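Novice: The structure's right below; bear with me while I get my questions together.
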Amino acid sequence: QVQLVESGGGLVHPGGSLRLSCAASGFTLEYYAIGWFRQAPGKEREAVSAISVSGANTYYADSVRGRFTISRDNAKNTVYLQMNSLKPEDTAVYYCATRKAFYCSACYYTAADQYNYWGQGTQVTVSS
């Protein structure tokens, strides 16, 4: 059974850091592209970051570029999102998602409907 489990969310002060983890089970992430999305109350789900199968290509939304870093550890079957210099507007539920990408190791995907499997989400709250 394919499953993604996010962890690492919580309450942090503005300027603080968190590292989100997305652990996969039931399959190996080695041939899957990964995306991180977030959804704030009353807003649509948006792509935050994405990484290709090879790990060589990454995407960041303008709002997080330079502050967030996505990485993958295929040996641990886990993807990470390091979030630094957090702002109150980063407050949201963060989701990881994955899809097969056997034929394009350099591709990343930024649309929610391009992904097949989703985690349950982890809450990130940035507040003083």
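As shown in the structure tokens, the chain order sets the letters A, B, ...; within each chain, residues go from 1, and ligands are also counted from 1 in the order they appear.
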Give me the residues within 6 Å of segment 32-42 of chain A as a PyMOL selection string, counting only C-alpha atoms and dropping any in the same chain fewer than 6 places off.

Specialist: chain A and resi 48-53+92-101

Novice: From a DSSP calculation on the backbone, collect every residue of segment 32-109 of chain A in strand (DSSP E or B) and output the set as a CSV table (one decimal) with N, CA, C and O atoms, in the first residue's frame.

Specialist:
chain,number,residue,atom,x,y,z
A,32,TYR,N,10.3,8.2,-8.3
A,32,TYR,CA,9.2,9.1,-8.2
A,32,TYR,C,9.6,10.5,-8.0
A,32,TYR,O,10.6,10.8,-7.3
A,33,ALA,N,8.9,11.4,-8.7
A,33,ALA,CA,9.1,12.8,-8.4
A,33,ALA,C,8.3,13.2,-7.2
A,33,ALA,O,7.2,12.6,-6.9
A,34,ILE,N,8.7,14.3,-6.5
A,34,ILE,CA,8.1,14.7,-5.3
A,34,ILE,C,7.7,16.2,-5.4
A,34,ILE,O,8.5,17.0,-5.9
A,35,GLY,N,6.6,16.5,-4.7
A,35,GLY,CA,6.2,17.9,-4.6
A,35,GLY,C,5.8,18.2,-3.2
A,35,GLY,O,5.2,17.3,-2.5
A,36,TRP,N,6.0,19.4,-2.8
A,36,TRP,CA,5.4,19.9,-1.5
A,36,TRP,C,4.4,21.0,-1.9
A,36,TRP,O,4.7,21.9,-2.7
A,37,PHE,N,3.3,20.9,-1.3
A,37,PHE,CA,2.2,21.8,-1.5
A,37,PHE,C,1.8,22.4,-0.1
A,37,PHE,O,2.1,21.8,0.9
A,38,ARG,N,1.1,23.5,-0.1
A,38,ARG,CA,0.5,24.0,1.1
A,38,ARG,C,-0.9,24.6,0.9
A,38,ARG,O,-1.1,25.0,-0.2
A,39,GLN,N,-1.7,24.6,1.9
A,39,GLN,CA,-3.0,25.2,1.8
A,39,GLN,C,-3.3,25.9,3.1
A,39,GLN,O,-3.3,25.3,4.2
A,46,GLU,N,-1.4,25.4,-3.1
A,46,GLU,CA,-0.4,25.9,-4.0
A,46,GLU,C,0.9,25.1,-3.9
A,46,GLU,O,1.2,24.5,-2.8
A,47,ALA,N,1.6,25.0,-5.0
A,47,ALA,CA,2.9,24.3,-5.0
A,47,ALA,C,3.9,25.2,-4.4
A,47,ALA,O,4.1,26.3,-4.7
A,48,VAL,N,4.7,24.6,-3.4
A,48,VAL,CA,5.8,25.3,-2.7
A,48,VAL,C,7.1,24.9,-3.3
A,48,VAL,O,7.9,25.8,-3.6
A,49,SER,N,7.3,23.6,-3.6
A,49,SER,CA,8.6,23.1,-4.1
A,49,SER,C,8.4,21.8,-4.7
A,49,SER,O,7.4,21.1,-4.4
A,50,ALA,N,9.3,21.4,-5.6
A,50,ALA,CA,9.3,20.1,-6.2
A,50,ALA,C,10.7,19.7,-6.6
A,50,ALA,O,11.6,20.5,-6.7
A,51,ILE,N,10.8,18.4,-6.7
A,51,ILE,CA,12.2,17.8,-7.0
A,51,ILE,C,12.0,16.7,-8.0
A,51,ILE,O,11.1,15.9,-7.9
A,58,THR,N,15.1,21.3,-9.4
A,58,THR,CA,14.1,21.6,-8.3
A,58,THR,C,13.3,22.9,-8.7
A,58,THR,O,13.8,23.6,-9.6
A,59,TYR,N,12.2,23.0,-8.1
A,59,TYR,CA,11.3,24.2,-8.3
A,59,TYR,C,11.0,24.8,-6.9
A,59,TYR,O,10.8,24.0,-5.9
A,60,TYR,N,10.9,26.1,-6.9
A,60,TYR,CA,10.5,26.8,-5.7
A,60,TYR,C,9.5,27.9,-6.1
A,60,TYR,O,9.8,28.6,-7.1
A,68,PHE,N,13.5,28.2,1.5
A,68,PHE,CA,13.2,26.8,1.6
A,68,PHE,C,14.2,26.0,0.7
A,68,PHE,O,14.6,26.5,-0.3
A,69,THR,N,14.4,24.8,1.2
A,69,THR,CA,15.3,23.9,0.4
A,69,THR,C,14.7,22.5,0.4
A,69,THR,O,14.4,21.9,1.5
A,70,ILE,N,14.5,21.9,-0.8
A,70,ILE,CA,13.9,20.6,-0.9
A,70,ILE,C,15.1,19.6,-1.2
A,70,ILE,O,16.1,20.0,-1.8
A,71,SER,N,15.0,18.4,-0.6
A,71,SER,CA,16.1,17.4,-0.8
A,71,SER,C,15.4,16.1,-0.7
A,71,SER,O,14.3,15.9,-0.1
A,72,ARG,N,16.1,15.1,-1.2
A,72,ARG,CA,15.6,13.7,-1.1
A,72,ARG,C,16.8,12.8,-0.7
A,72,ARG,O,17.9,13.0,-1.1
A,73,ASP,N,16.4,11.8,0.1
A,73,ASP,CA,17.3,10.7,0.5
A,73,ASP,C,16.7,9.4,0.1
A,73,ASP,O,15.9,8.9,0.9
A,78,THR,N,12.9,9.0,1.9
A,78,THR,CA,12.3,10.2,2.5
A,78,THR,C,12.7,11.5,1.8
A,78,THR,O,13.8,11.5,1.2
A,79,VAL,N,11.8,12.4,1.7
A,79,VAL,CA,12.0,13.7,1.2
A,79,VAL,C,11.9,14.8,2.3
A,79,VAL,O,11.1,14.6,3.2
A,80,TYR,N,12.7,15.8,2.2
A,80,TYR,CA,12.7,16.8,3.2
A,80,TYR,C,12.4,18.2,2.6
A,80,TYR,O,12.6,18.5,1.4
A,81,LEU,N,11.8,19.1,3.4
A,81,LEU,CA,11.7,20.5,3.1
A,81,LEU,C,12.2,21.3,4.3
A,81,LEU,O,11.6,21.3,5.3
A,82,GLN,N,13.4,21.9,4.1
A,82,GLN,CA,14.0,22.7,5.1
A,82,GLN,C,13.4,24.1,4.9
A,82,GLN,O,13.5,24.7,3.8
A,83,MET,N,12.8,24.6,6.0
A,83,MET,CA,12.2,26.0,5.9
A,83,MET,C,12.9,26.9,6.9
A,83,MET,O,12.8,26.7,8.1
A,92,ALA,N,0.2,27.3,7.2
A,92,ALA,CA,-0.6,26.5,6.3
A,92,ALA,C,-0.5,25.0,6.7
A,92,ALA,O,0.4,24.7,7.5
A,93,VAL,N,-1.3,24.2,6.1
A,93,VAL,CA,-1.1,22.7,6.2
A,93,VAL,C,-0.2,22.4,5.0
A,93,VAL,O,-0.5,22.7,3.8
A,94,TYR,N,0.9,21.7,5.2
A,94,TYR,CA,1.8,21.3,4.2
A,94,TYR,C,1.6,19.8,3.8
A,94,TYR,O,1.6,19.0,4.7
A,95,TYR,N,1.6,19.6,2.5
A,95,TYR,CA,1.4,18.2,2.0
A,95,TYR,C,2.5,17.8,1.1
A,95,TYR,O,3.0,18.6,0.3
A,96,CYS,N,3.0,16.6,1.2
A,96,CYS,CA,3.8,16.1,0.2
A,96,CYS,C,3.0,15.2,-0.8
A,96,CYS,O,2.0,14.6,-0.4
A,97,ALA,N,3.5,15.1,-2.0
A,97,ALA,CA,2.8,14.3,-3.0
A,97,ALA,C,3.9,13.7,-3.9
A,97,ALA,O,5.0,14.2,-4.0
A,98,THR,N,3.5,12.6,-4.6
A,98,THR,CA,4.4,11.9,-5.4
A,98,THR,C,3.8,11.3,-6.6
A,98,THR,O,2.5,11.1,-6.6
A,99,ARG,N,4.5,11.1,-7.7
A,99,ARG,CA,4.1,10.5,-8.9
A,99,ARG,C,5.2,9.7,-9.5
A,99,ARG,O,6.4,10.1,-9.4
A,100,LYS,N,4.9,8.7,-10.3
A,100,LYS,CA,5.9,8.0,-11.0
A,100,LYS,C,6.5,8.9,-12.1
A,100,LYS,O,5.8,9.7,-12.7

Novice: What is the atom CA of His13 of chain A-atom CA of Ser128 of chain A distance in Å, reported with one decimal?

Specialist: 5.1 Å

Novice: Contacts of Val124 of chain A at 9 Å or less, counting only C-alpha atoms, minus same-chain residues fewer than 3 places along, as a list in words?

Specialist: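 The filter keeps Gly8, Gly9, Gly10, Leu11, Val12, Leu18, Asp90, Thr91, Ala92, Val93 and Tyr94 of chain A.
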
Novice: Rounded to one decimal in Å, what is the spacing between atom CA of Ala111 of chain A and atom CA of Gly16 of chain A?

Specialist: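 Atom CA of Gly16 of chain A lies at a distance of 28.1 Å from atom CA of Ala111 of chain A.
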
Novice: Taking 3 positions as the minimum chain separation for residues in the same chain, which residues sit within 8 Å of Gln120 of chain A when counting only C-alpha atoms? Answer as number ranges by chain.

Specialist: A: 4-6, 95

Novice: Of the candidates A:Ala112, A:Cys104, A:Val126, A:Ala56, which shows the shortest atom-to-atom distance to Tyr31 of chain A, using only C-alpha atoms?

Specialist: A:Cys104

Novice: In Å, how far is it from atom CA of Leu29 of chain A to atom CA of Asn74 of chain A?

Specialist: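 These two atoms are separated by 6.2 Å.
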
Novice: Identify all residues of segment 9-86 of chain A in helix (DSSP H, G or I) (DSSP on the backbone) and supply them as a ChimeraX atom specification.

Specialist: /A:29-31,74-76

Novice: Got time to write the residues from that selection, all heavy atoms, as a JSON list (two decimals), in the first residue's frame?

Specialist:
[["chain", "number", "residue", "atom", "x", "y", "z"],
["A", 29, "LEU", "N", 10.91, 5.45, -3.37],
["A", 29, "LEU", "CA", 10.84, 6.77, -3.98],
["A", 29, "LEU", "C", 11.82, 6.97, -5.12],
["A", 29, "LEU", "O", 11.75, 7.99, -5.80],
["A", 29, "LEU", "CB", 11.12, 7.83, -2.91],
["A", 29, "LEU", "CG", 9.97, 8.28, -2.01],
["A", 29, "LEU", "CD1", 10.48, 9.27, -0.98],
["A", 29, "LEU", "CD2", 8.84, 8.87, -2.81],
["A", 30, "GLU", "N", 12.66, 6.02, -5.34],
["A", 30, "GLU", "CA", 13.77, 6.20, -6.26],
["A", 30, "GLU", "C", 13.32, 6.66, -7.65],
["A", 30, "GLU", "O", 14.00, 7.45, -8.30],
["A", 30, "GLU", "CB", 14.56, 4.90, -6.38],
["A", 30, "GLU", "CG", 15.80, 5.02, -7.24],
["A", 30, "GLU", "CD", 16.60, 3.73, -7.25],
["A", 30, "GLU", "OE1", 16.15, 2.75, -6.63],
["A", 30, "GLU", "OE2", 17.67, 3.71, -7.88],
["A", 31, "TYR", "N", 12.15, 6.18, -8.11],
["A", 31, "TYR", "CA", 11.69, 6.52, -9.45],
["A", 31, "TYR", "C", 10.46, 7.43, -9.43],
["A", 31, "TYR", "O", 9.68, 7.46, -10.37],
["A", 31, "TYR", "CB", 11.40, 5.26, -10.23],
["A", 31, "TYR", "CG", 12.62, 4.40, -10.40],
["A", 31, "TYR", "CD1", 12.75, 3.20, -9.71],
["A", 31, "TYR", "CD2", 13.67, 4.81, -11.22],
["A", 31, "TYR", "CE1", 13.87, 2.41, -9.84],
["A", 31, "TYR", "CE2", 14.81, 4.03, -11.36],
["A", 31, "TYR", "CZ", 14.90, 2.84, -10.67],
["A", 31, "TYR", "OH", 16.04, 2.07, -10.79],
["A", 74, "ASN", "N", 17.06, 8.90, -1.04],
["A", 74, "ASN", "CA", 16.43, 7.68, -1.53],
["A", 74, "ASN", "C", 16.75, 6.49, -0.62],
["A", 74, "ASN", "O", 15.94, 5.57, -0.49],
["A", 74, "ASN", "CB", 16.86, 7.39, -2.95],
["A", 74, "ASN", "CG", 16.28, 8.39, -3.94],
["A", 74, "ASN", "OD1", 15.29, 9.06, -3.67],
["A", 74, "ASN", "ND2", 16.91, 8.49, -5.10],
["A", 75, "ALA", "N", 17.91, 6.49, 0.00],
["A", 75, "ALA", "CA", 18.28, 5.38, 0.89],
["A", 75, "ALA", "C", 17.33, 5.31, 2.08],
["A", 75, "ALA", "O", 17.04, 4.23, 2.60],
["A", 75, "ALA", "CB", 19.71, 5.55, 1.36],
["A", 76, "LYS", "N", 16.83, 6.48, 2.51],
["A", 76, "LYS", "CA", 15.89, 6.52, 3.63],
["A", 76, "LYS", "C", 14.45, 6.60, 3.16],
["A", 76, "LYS", "O", 13.53, 6.67, 3.98],
["A", 76, "LYS", "CB", 16.21, 7.71, 4.53],
["A", 76, "LYS", "CG", 17.55, 7.62, 5.24],
["A", 76, "LYS", "CD", 17.77, 8.78, 6.18],
["A", 76, "LYS", "CE", 19.11, 8.65, 6.91],
["A", 76, "LYS", "NZ", 19.35, 9.77, 7.84]]

Novice: Considering only C-alpha atoms, can you say which of A:Gln3, A:Leu86, A:Gly55, A:Ser21 comes closest to Ser127 of chain A?

Specialist: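 Among A:Gln3, A:Leu86, A:Gly55, A:Ser21, it is A:Leu86 that comes nearest to Ser127 of chain A.
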
Novice: Which one of A:Arg67, A:Gln1, A:Glu89, A:Ser25 sits closest to Lys43 of chain A if you count only C-alpha atoms?

Specialist: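 Comparing A:Arg67, A:Gln1, A:Glu89, A:Ser25 against Lys43 of chain A, the winner is A:Glu89.
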
Novice: Would you mind telling me which residue in A:Leu20, A:Ala106, A:Ser63, A:Pro14 lies nearest to Thr122 of chain A when using only C-alpha atoms?

Specialist: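 Of all the options, A:Leu20 lies closest to Thr122 of chain A.
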
Novice: A:Asp62, A:Gly15, A:Asn57, A:Thr28: which is nearest Pro88 of chain A, counting only C-alpha atoms?

Specialist: A:Gly15
